[in-house]
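Asker: Data file run26.cif (mmCIF, C-alpha atoms) is appended below.
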data_model
#
loop_
_atom_site.label_atom_id
_atom_site.label_comp_id
_atom_site.auth_asym_id
_atom_site.auth_seq_id
_atom_site.Cartn_x
_atom_site.Cartn_y
_atom_site.Cartn_z
CA MET A 1 -35.53 -18.99 1.88
CA THR A 2 -35.02 -15.65 0.15
CA ILE A 3 -33.85 -12.60 2.03
CA GLY A 4 -33.19 -9.18 0.63
CA PHE A 5 -34.20 -5.56 0.72
CA ASN A 6 -35.73 -2.91 -1.45
CA TYR A 7 -33.14 -0.87 -3.31
CA SER A 8 -35.65 1.45 -4.92
CA ARG A 9 -35.41 4.29 -2.41
CA SER A 10 -31.70 4.79 -2.04
CA ARG A 11 -29.78 2.33 -4.19
CA PRO A 12 -26.44 3.85 -5.20
CA ALA A 13 -25.13 3.94 -8.73
CA SER A 14 -23.00 1.01 -9.78
CA VAL A 15 -19.95 0.63 -7.60
CA PRO A 16 -16.96 1.37 -9.87
CA THR A 17 -14.00 -0.87 -10.38
CA LEU A 18 -11.16 0.23 -8.08
CA ALA A 19 -7.67 0.18 -9.49
CA ASP A 20 -4.66 -0.82 -7.40
CA ALA A 21 -3.77 2.86 -7.08
CA ASP A 22 -7.15 3.63 -5.47
CA ILE A 23 -6.49 1.30 -2.56
CA GLY A 24 -2.73 0.82 -2.50
CA ASP A 25 -0.67 -2.29 -1.99
CA PHE A 26 -0.53 -4.49 1.09
CA GLY A 27 3.18 -5.13 1.37
CA GLY A 28 3.19 -7.27 -1.78
CA ILE A 29 -0.52 -8.18 -1.95
CA ALA A 30 -2.19 -6.55 -4.96
CA GLY A 31 -4.52 -3.81 -3.76
CA ASN A 32 -7.64 -4.62 -5.76
CA SER A 33 -7.59 -8.40 -5.41
CA LEU A 34 -7.04 -8.75 -1.64
CA VAL A 35 -7.00 -12.51 -2.15
CA GLN A 36 -4.80 -13.40 0.82
CA LEU A 37 -6.68 -11.12 3.20
CA LEU A 38 -10.02 -12.51 2.12
CA LEU A 39 -8.89 -16.10 2.47
CA MET A 40 -8.34 -15.28 6.14
CA THR A 41 -12.00 -14.30 6.42
CA GLN A 42 -13.12 -17.54 4.68
CA MET A 43 -15.59 -15.78 2.39
CA ILE A 44 -14.30 -16.84 -1.02
CA TYR A 45 -16.77 -18.50 -3.43
CA ARG A 46 -16.93 -19.76 -7.00
CA VAL A 47 -19.53 -18.84 -9.63
CA LYS A 48 -21.69 -21.84 -10.60
CA ALA A 49 -22.35 -22.81 -14.20
CA SER A 50 -26.06 -23.49 -13.57
CA PRO A 51 -28.24 -21.54 -13.51
CA ALA A 52 -26.26 -19.49 -16.03
CA PRO A 53 -25.04 -16.08 -14.81
CA ASP A 54 -26.62 -13.00 -16.34
CA SER A 55 -26.15 -9.22 -16.05
CA THR A 56 -28.04 -9.00 -12.74
CA SER A 57 -27.28 -12.26 -10.92
CA PHE A 58 -25.19 -15.40 -10.55
CA CYS A 59 -25.11 -18.35 -8.15
CA ILE A 60 -22.17 -19.16 -5.91
CA GLU A 61 -20.80 -22.33 -4.39
CA ARG A 62 -18.08 -23.10 -1.91
CA PHE A 63 -14.56 -22.81 -3.32
CA GLY A 64 -12.45 -25.76 -2.15
CA THR A 65 -12.14 -25.67 1.63
CA GLU A 66 -12.50 -21.91 1.80
CA GLY A 67 -15.67 -20.09 2.72
CA PRO A 68 -18.89 -21.25 4.40
CA THR A 69 -20.91 -23.81 2.49
CA VAL A 70 -23.90 -22.67 0.43
CA GLY A 71 -27.27 -24.45 0.40
CA THR A 72 -30.51 -25.24 2.19
CA ASN A 73 -28.76 -27.32 4.86
CA ASP A 74 -26.42 -24.53 5.85
CA ALA A 75 -28.14 -22.61 8.64
CA GLY A 76 -25.01 -20.53 9.00
CA ILE A 77 -25.49 -19.02 5.57
CA GLN A 78 -29.15 -18.30 6.21
CA LYS A 79 -28.60 -16.74 9.60
CA ASP A 80 -25.03 -15.53 9.96
CA TYR A 81 -23.99 -14.99 6.36
CA HIS A 82 -27.19 -13.74 4.78
CA LEU A 83 -25.12 -11.21 2.83
CA ARG A 84 -27.61 -8.33 2.63
CA ASN A 85 -25.91 -4.97 2.20
CA HIS A 86 -22.55 -6.60 1.63
CA PHE A 87 -20.01 -5.77 -1.01
CA GLY A 88 -18.60 -8.38 -3.35
CA GLU A 89 -15.49 -8.36 -5.48
CA MET A 90 -14.68 -10.50 -8.50
CA ILE A 91 -11.14 -11.77 -7.90
CA SER A 92 -10.55 -13.76 -11.07
CA GLY A 93 -11.66 -13.82 -14.70
CA THR A 94 -12.44 -10.93 -17.05
CA ASN A 95 -14.25 -9.01 -14.28
CA ARG A 96 -11.34 -9.25 -11.83
CA GLY A 97 -11.31 -6.21 -9.55
CA ARG A 98 -14.99 -5.44 -10.13
CA LEU A 99 -16.85 -4.38 -6.97
CA PHE A 100 -20.60 -4.79 -6.60
CA ASN A 101 -23.30 -4.41 -3.96
CA ILE A 102 -25.54 -7.38 -3.12
CA GLY A 103 -29.25 -6.55 -3.30
CA PHE A 104 -30.75 -10.00 -2.67
CA TYR A 105 -29.37 -13.38 -1.66
CA THR A 106 -31.22 -16.72 -1.93
CA ALA A 107 -29.78 -19.26 0.50
CA SER A 108 -31.30 -22.33 -1.14
CA ASN A 109 -29.21 -22.07 -4.32
CA GLY A 110 -26.64 -19.41 -3.45
CA LYS A 111 -28.10 -16.86 -5.85
CA VAL A 112 -26.60 -13.37 -5.59
CA GLU A 113 -28.54 -10.52 -7.20
CA HIS A 114 -26.82 -7.24 -7.93
CA PHE A 115 -27.49 -4.03 -9.85
CA ASP A 116 -24.14 -3.42 -11.47
CA GLY A 117 -24.66 -4.55 -15.05
CA PHE A 118 -21.87 -7.12 -15.50
CA THR A 119 -22.02 -10.83 -16.27
CA ALA A 120 -19.84 -13.24 -14.33
CA THR A 121 -18.42 -16.40 -15.89
CA ALA A 122 -18.78 -19.88 -14.44
CA GLY A 123 -15.69 -20.72 -12.42
CA ASP A 124 -14.86 -17.10 -11.55
CA LEU A 125 -13.89 -16.54 -7.93
CA VAL A 126 -15.85 -14.00 -5.94
CA ALA A 127 -15.16 -12.62 -2.47
CA ILE A 128 -17.87 -11.39 -0.14
CA LEU A 129 -16.81 -8.30 1.78
CA PRO A 130 -19.03 -7.54 4.80
CA HIS A 131 -20.16 -3.91 4.98
CA HIS A 132 -22.17 -4.40 8.14
CA SER A 133 -24.37 -7.19 9.50
CA VAL A 134 -27.84 -7.02 11.03
CA SER A 135 -29.15 -9.51 13.57
CA TYR A 136 -31.49 -11.99 11.89
CA GLY A 137 -34.49 -11.14 14.06
CA ALA A 138 -34.29 -7.35 13.87
CA VAL A 139 -34.31 -6.36 10.21
CA THR A 140 -35.43 -2.78 9.50
CA ASP A 141 -35.28 -0.61 6.40
CA ALA A 142 -32.97 1.81 8.21
CA ALA A 143 -30.63 -0.98 9.25
CA ILE A 144 -30.22 -2.40 5.77
CA ASP A 145 -30.25 0.73 3.59
CA PRO A 146 -27.22 0.55 1.31
CA PRO A 147 -24.42 3.08 1.55
CA THR A 148 -24.58 6.00 -0.86
CA SER A 149 -21.22 5.21 -2.42
CA SER A 150 -18.22 2.92 -2.20
CA SER A 151 -16.21 5.51 -0.26
CA THR A 152 -16.80 3.85 3.14
CA PHE A 153 -15.59 0.53 1.80
CA ALA A 154 -12.51 2.06 0.21
CA THR A 155 -11.75 3.97 3.42
CA ASN A 156 -11.95 0.77 5.46
CA ILE A 157 -9.67 -1.07 3.05
CA ARG A 158 -7.14 1.77 3.24
CA ALA A 159 -7.28 1.53 7.05
CA ILE A 160 -6.43 -2.19 6.81
CA ARG A 161 -3.60 -1.36 4.41
CA ASP A 162 -2.21 1.29 6.77
CA ALA A 163 -2.35 -1.10 9.71
CA LEU A 164 -0.46 -3.74 7.73
CA HIS A 165 2.10 -1.18 6.64
CA GLY A 166 2.59 -0.28 10.30
CA LEU A 167 3.33 -3.90 11.17
CA ILE A 168 5.71 -4.26 8.23
CA ASP A 169 7.48 -0.99 9.03
CA GLY A 170 7.86 -1.97 12.67
CA ALA A 171 9.48 -5.28 11.72
CA ASN A 172 11.83 -3.51 9.30
CA ARG A 173 12.94 -0.95 11.91
CA ILE A 174 14.07 -3.19 14.77
CA VAL A 175 17.46 -2.57 16.35
CA GLY A 176 20.37 -3.74 14.22
CA LYS A 177 18.42 -4.60 11.07
CA PRO A 178 19.91 -2.96 7.96
CA GLN A 179 17.73 -0.32 6.32
CA ILE A 180 18.17 1.59 3.06
CA PHE A 181 17.00 5.10 2.24
CA GLN A 182 17.44 6.70 -1.17
CA LYS A 183 17.00 10.30 -2.26
CA ALA A 184 17.08 11.75 -5.77
CA ILE A 185 18.99 15.04 -6.05
CA THR A 186 18.10 17.40 -8.89
CA SER A 187 19.02 20.76 -7.35
CA ALA A 188 21.11 23.42 -9.02
CA ALA A 189 24.85 22.81 -8.91
CA ASN A 190 25.21 26.02 -6.86
CA ALA A 191 22.19 25.46 -4.57
CA GLY A 192 24.28 25.43 -1.38
CA PHE A 193 22.99 23.17 1.37
CA VAL A 194 20.12 20.83 0.40
CA ASN A 195 18.46 18.59 2.99
CA LEU A 196 18.26 14.92 2.03
CA ALA A 197 16.89 13.06 5.07
CA THR A 198 15.84 13.48 8.70
CA VAL A 199 16.12 10.97 11.55
CA THR A 200 12.63 10.11 12.79
CA GLY A 201 11.13 8.02 15.60
CA THR A 202 10.55 8.15 19.35
CA ALA A 203 13.92 8.72 21.06
CA ALA A 204 15.37 7.84 17.65
CA SER A 205 18.96 6.88 17.05
CA ILE A 206 20.53 5.40 13.93
CA VAL A 207 24.03 4.32 12.92
CA ILE A 208 25.07 5.18 9.35
CA ASP A 209 27.10 2.36 7.80
CA HIS A 210 27.60 3.45 4.20
CA VAL A 211 26.79 6.39 1.94
CA ILE A 212 26.81 6.33 -1.87
CA LEU A 213 26.42 9.29 -4.21
CA LYS A 214 25.72 8.13 -7.76
CA ALA A 215 25.68 10.19 -10.94
CA VAL A 216 22.44 9.17 -12.67
CA ALA A 217 23.63 11.49 -15.44
CA ALA A 218 27.07 13.06 -15.81
CA ALA A 219 27.67 15.98 -13.47
CA PRO A 220 27.36 19.31 -15.30
CA ALA A 221 30.41 21.52 -15.77
CA ALA A 222 29.02 23.89 -13.14
CA PHE A 223 29.26 21.16 -10.49
CA THR A 224 32.36 21.24 -8.29
CA SER A 225 31.60 18.90 -5.35
CA GLY A 226 28.81 17.50 -3.20
CA ALA A 227 29.96 16.82 0.35
CA ILE A 228 27.33 15.01 2.47
CA THR A 229 27.22 15.78 6.18
CA ALA A 230 25.20 15.16 9.33
CA TYR A 231 23.69 18.39 10.72
CA ASP A 232 22.14 19.06 14.14
CA GLY A 233 20.62 22.44 13.38
CA ALA A 234 23.71 24.36 14.35
CA THR A 235 26.77 22.40 13.21
CA ASP A 236 27.73 19.89 10.54
CA PHE A 237 29.04 17.48 13.17
CA SER A 238 30.06 14.58 10.90
CA ILE A 239 31.27 14.29 7.31
CA LEU A 240 29.69 11.27 5.63
CA LEU A 241 31.18 11.93 2.16
CA SER A 242 33.90 14.52 1.73
CA ALA A 243 34.12 17.27 -0.89
CA ALA A 244 37.24 15.59 -2.25
CA SER A 245 35.53 12.21 -2.75
CA THR A 246 32.56 13.86 -4.48
CA ALA A 247 34.60 16.12 -6.76
CA PHE A 248 33.58 16.67 -10.39
CA ALA A 249 36.13 14.17 -11.70
CA ASN A 250 34.49 11.39 -9.67
CA LEU A 251 30.96 12.07 -10.95
CA ASN A 252 31.46 13.38 -14.50
CA ALA A 253 29.94 10.34 -16.24
CA ALA A 254 26.70 8.43 -15.77
CA ASN A 255 26.93 5.68 -13.13
CA LYS A 256 30.17 6.96 -11.59
CA GLN A 257 29.88 6.89 -7.80
CA ALA A 258 31.45 8.31 -4.66
CA ILE A 259 31.35 5.68 -1.92
CA SER A 260 32.19 5.82 1.78
CA THR A 261 35.01 3.38 2.51
CA GLN A 262 35.17 3.38 6.30
CA GLY A 263 34.43 0.05 7.97
CA GLY A 264 31.71 -0.07 10.62
CA GLY A 265 29.55 2.91 11.49
CA LEU A 266 30.32 6.27 9.92
CA ALA A 267 28.25 8.20 12.42
CA GLU A 268 25.50 8.00 15.02
CA LEU A 269 22.57 10.36 14.40
CA GLY A 270 19.82 11.21 16.85
CA VAL A 271 16.20 12.25 16.47
CA GLY A 272 15.82 15.36 14.32
CA ASN A 273 19.36 15.23 12.94
CA ILE A 274 19.49 16.07 9.24
CA ILE A 275 21.61 14.62 6.46
CA ARG A 276 22.38 17.25 3.81
CA ILE A 277 24.49 17.82 0.73
CA GLU A 278 26.47 20.97 -0.04
CA LEU A 279 26.44 22.10 -3.69
CA PRO A 280 28.84 25.06 -4.04
CA GLY A 281 29.06 24.96 -7.85
CA SER A 282 29.73 27.77 -10.28
CA GLY A 283 26.30 27.85 -11.95
CA ALA A 284 22.66 26.88 -11.66
CA THR A 285 22.65 23.89 -14.01
CA PRO A 286 20.85 21.07 -12.15
CA VAL A 287 22.59 17.89 -11.15
CA ASN A 288 21.06 14.42 -11.48
CA PHE A 289 22.32 12.32 -8.59
CA LEU A 290 21.03 9.55 -6.34
CA ALA A 291 22.09 9.36 -2.68
CA THR A 292 21.84 5.99 -0.94
CA PHE A 293 22.17 5.54 2.83
CA VAL A 294 22.66 2.13 4.44
CA PHE A 295 21.97 2.34 8.18
CA ARG A 296 20.63 0.51 11.23
CA ALA A 297 18.35 1.55 14.06
CA ALA A 298 19.96 1.83 17.47
CA VAL A 299 16.48 2.33 18.98
CA ASN A 300 13.48 0.36 17.70
CA GLY A 301 11.46 2.33 15.17
CA SER A 302 14.23 4.72 14.16
CA HIS A 303 14.38 5.50 10.45
CA LEU A 304 15.04 8.18 7.83
CA VAL A 305 12.41 10.22 6.02
#
What does this structure look like when you write it as structure tokens?

Answerer:
Amino acid sequence: MTIGFNYSRSRPASVPTLADADIGDFGGIAGNSLVQLLLMTQMIYRVKASPAPDSTSFCIERFGTEGPTVGTNDAGIQKDYHLRNHFGEMISGTNRGRLFNIGFYTASNGKVEHFDGFTATAGDLVAILPHHSVSYGAVTDAAIDPPTSSSTFATNIRAIRDALHGLIDGANRIVGKPQIFQKAITSAANAGFVNLATVTGTAASIVIDHVILKAVAAAPAAFTSGAITAYDGATDFSILLSAASTAFANLNAANKQAISTQGGGLAELGVGNIIRIELPGSGATPVNFLATFVFRAAVNGSHLV
């Protein structure tokens, strides 16, 4: 049985290949392959050697134990996975990362027809990405018109990415778990106070354990010191690194570092509190430092930004 739709009225131009940067990463999963996410959906297939793929079509078969089976005996494919108006992505081979839109699908041999001008290779893995499904008995032109671009798909993928990031961030910000925040400092040596980080989160509270100020490059002659303090909007209520420990002599060569030496927590900071550095130098030559803060949340979700 062949099912499909007419692309002649509103078929979009070829869906472009999306780079990792277009979608983002998924906490370690490459953005434009999405392999692990797609395995969860069980819609991974392999390109068949026969009939040979060409620039407008290829046939797919089940890949290992993943994905629904393909063939005339698989009513699920014909009814529930008929694939019209779905996106596909090549996830291996020379076309890896290539997105395409399915115009027609033939259930009897797993033939996928597309309009994107590339030729798959036998053995390549392909993922089917549902755009939207239509009930088998109520197919209309309006229901199966293709989208005008890949923007909806990319937006949905970014939403999945953001949701995953939220889960990962939540796990990383539980009470007592060490966190690290780093901030590059390239301000003038006489810039005065420069904000480095702000405590964020609902009813946030963090405990600072250690602070490191590293000279990425040697401090310029105009630099005198770089005390780091905790500020509540009115008062610098805690010194995290003193002016003496961050003096020129301690940072006048690349990789020299001023390090907090107190055991346990240096300070407790609440929501909205700011960590800042004071640069009271004698001239405007920029510094090149890196500040590192090791801290823990005292309230779930607390972190530095």

Asker: Would you mind listing what lies within 8 Å of Thr292 in chain A as JSON, numbers by chain, with all atoms listed in the file counted and same-chain residues fewer than 3 positions away left out?

Answerer: {"A": [180, 181, 182, 183, 211, 212, 213]}

Asker: Determine, counting all atoms listed in the file, every residue of protein, DNA or RNA that lies within 8 Å of (26.5, 24.5, -13.1) in the file coordinates, then give the result as a PyMOL selection string.

Answerer: chain A and resi 188-190+220-223+281-287

Asker: Can I get the selection written as a CSV table (one decimal), in the coordinates of the input, with C-alpha atoms?

Answerer:
chain,number,residue,atom,x,y,z
A,188,ALA,CA,21.1,23.4,-9.0
A,189,ALA,CA,24.8,22.8,-8.9
A,190,ASN,CA,25.2,26.0,-6.9
A,220,PRO,CA,27.4,19.3,-15.3
A,221,ALA,CA,30.4,21.5,-15.8
A,222,ALA,CA,29.0,23.9,-13.1
A,223,PHE,CA,29.3,21.2,-10.5
A,281,GLY,CA,29.1,25.0,-7.8
A,282,SER,CA,29.7,27.8,-10.3
A,283,GLY,CA,26.3,27.8,-12.0
A,284,ALA,CA,22.7,26.9,-11.7
A,285,THR,CA,22.6,23.9,-14.0
A,286,PRO,CA,20.8,21.1,-12.2
A,287,VAL,CA,22.6,17.9,-11.2

Asker: Would you compute the distance between CA of Thr198 in chain A and CA of Ala215 in chain A? Give it in Å to one decimal.

Answerer: 22.2 Å

Asker: For the file shown, report as a ChimeraX atom specification the outcome of the PyMOL selection byres ((chain A and resi 244-252) around 10) at residue level.

Answerer: /A:212-228,241-243,253-260,281,289

Asker: Report the residues retrieved by the PyMOL selection byres ((chain A and resi 90) around 7) from the displayed file, expressed as a list of chain:residue names.

Answerer: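 On this input, the PyMOL selection byres ((chain A and resi 90) around 7) captures A:Gly88, A:Glu89, A:Ile91, A:Ser92, A:Asn95, A:Arg96, A:Gly97, A:Arg98, A:Leu99, A:Leu125, A:Val126, A:Ala127.
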
Asker: Run through the PyMOL selection byres ((chain A and resi 121) around 12) on the given coordinates and return the selected residues as a ChimeraX atom specification.

Answerer: /A:46-55,57-60,90-96,118-120,122-126

Asker: What are the centre and edge lengths in Å, to one decimal, of the axis-aligned box around all listed atoms of range 207-216 of chain A with 5 Å added on each side, as AutoDock Vina command-line options?

Answerer:
--center_x 25.0 --center_y 6.3 --center_z 0.1 --size_x 15.2 --size_y 17.8 --size_z 35.6

Asker: To one decimal place, how far is CA of Arg173 in chain A from CA of Ala298 in chain A in Å?

Answerer: 9.4 Å

Asker: Between CA of Asn101 in chain A and CA of Arg62 in chain A, what distance in Å does the model show, to one decimal?

Answerer: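 Interatomic distance here is 19.5 Å.
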
Asker: Check the smallest atom-to-atom distance from each of A:Ala204, A:Ile274, A:Leu279, A:Ala107 to Gly301 in chain A using all atoms listed in the file, then report the winner.

Answerer: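 Going through A:Ala204, A:Ile274, A:Leu279, A:Ala107 one by one, the smallest distance to Gly301 in chain A is for A:Ala204.
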
Asker: Here is a test: counting all atoms listed in the file, which residue of A:Asn288, A:Thr56, A:Asn273, A:Gln179 is nearest to Ala197 in chain A?

Answerer: A:Asn273

Asker: Residues at most 12 Å from Asp209 in chain A, counting only C-alpha atoms, excluding those fewer than 6 positions away in the same chain, as a compact mmCIF listing (two decimals) with C-alpha atoms, keeping the file's coordinate frame?

Answerer:
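Below is the file that was written, selection-v6.txt:
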# COMPACT_ATOMS: atom_id res chain seq x y z
CA GLY A 176 20.37 -3.74 14.22
CA LYS A 177 18.42 -4.60 11.07
CA PRO A 178 19.91 -2.96 7.96
CA GLN A 179 17.73 -0.32 6.32
CA ILE A 180 18.17 1.59 3.06
CA PHE A 181 17.00 5.10 2.24
CA LEU A 240 29.69 11.27 5.63
CA LEU A 241 31.18 11.93 2.16
CA ILE A 259 31.35 5.68 -1.92
CA SER A 260 32.19 5.82 1.78
CA THR A 261 35.01 3.38 2.51
CA GLN A 262 35.17 3.38 6.30
CA GLY A 263 34.43 0.05 7.97
CA GLY A 264 31.71 -0.07 10.62
CA GLY A 265 29.55 2.91 11.49
CA LEU A 266 30.32 6.27 9.92
CA ALA A 267 28.25 8.20 12.42
CA GLU A 268 25.50 8.00 15.02
CA LEU A 269 22.57 10.36 14.40
CA THR A 292 21.84 5.99 -0.94
CA PHE A 293 22.17 5.54 2.83
CA VAL A 294 22.66 2.13 4.44
CA PHE A 295 21.97 2.34 8.18
CA ARG A 296 20.63 0.51 11.23
CA ALA A 297 18.35 1.55 14.06

Asker: Save range 218-237 of chain A of the structure in the block above to a file, with C-alpha atoms included, as a tab-separated table (two decimals), in the first residue's frame.

Answerer:
chain	number	residue	atom	x	y	z
A	218	ALA	CA	51.30	38.49	33.85
A	219	ALA	CA	49.67	41.39	35.67
A	220	PRO	CA	50.57	44.72	34.05
A	221	ALA	CA	52.72	47.23	35.92
A	222	ALA	CA	49.62	49.39	36.46
A	223	PHE	CA	48.01	46.63	38.53
A	224	THR	CA	48.35	46.95	42.30
A	225	SER	CA	45.83	44.46	43.78
A	226	GLY	CA	42.51	42.74	43.16
A	227	ALA	CA	40.63	42.08	46.39
A	228	ILE	CA	37.48	39.96	45.89
A	229	THR	CA	34.54	40.62	48.19
A	230	ALA	CA	30.90	39.72	48.76
A	231	TYR	CA	28.59	42.75	48.35
A	232	ASP	CA	24.94	43.17	49.38
A	233	GLY	CA	24.24	46.41	47.54
A	234	ALA	CA	25.36	48.59	50.40
A	235	THR	CA	28.37	46.97	52.07
A	236	ASP	CA	31.22	44.64	51.20
A	237	PHE	CA	30.29	42.30	54.03
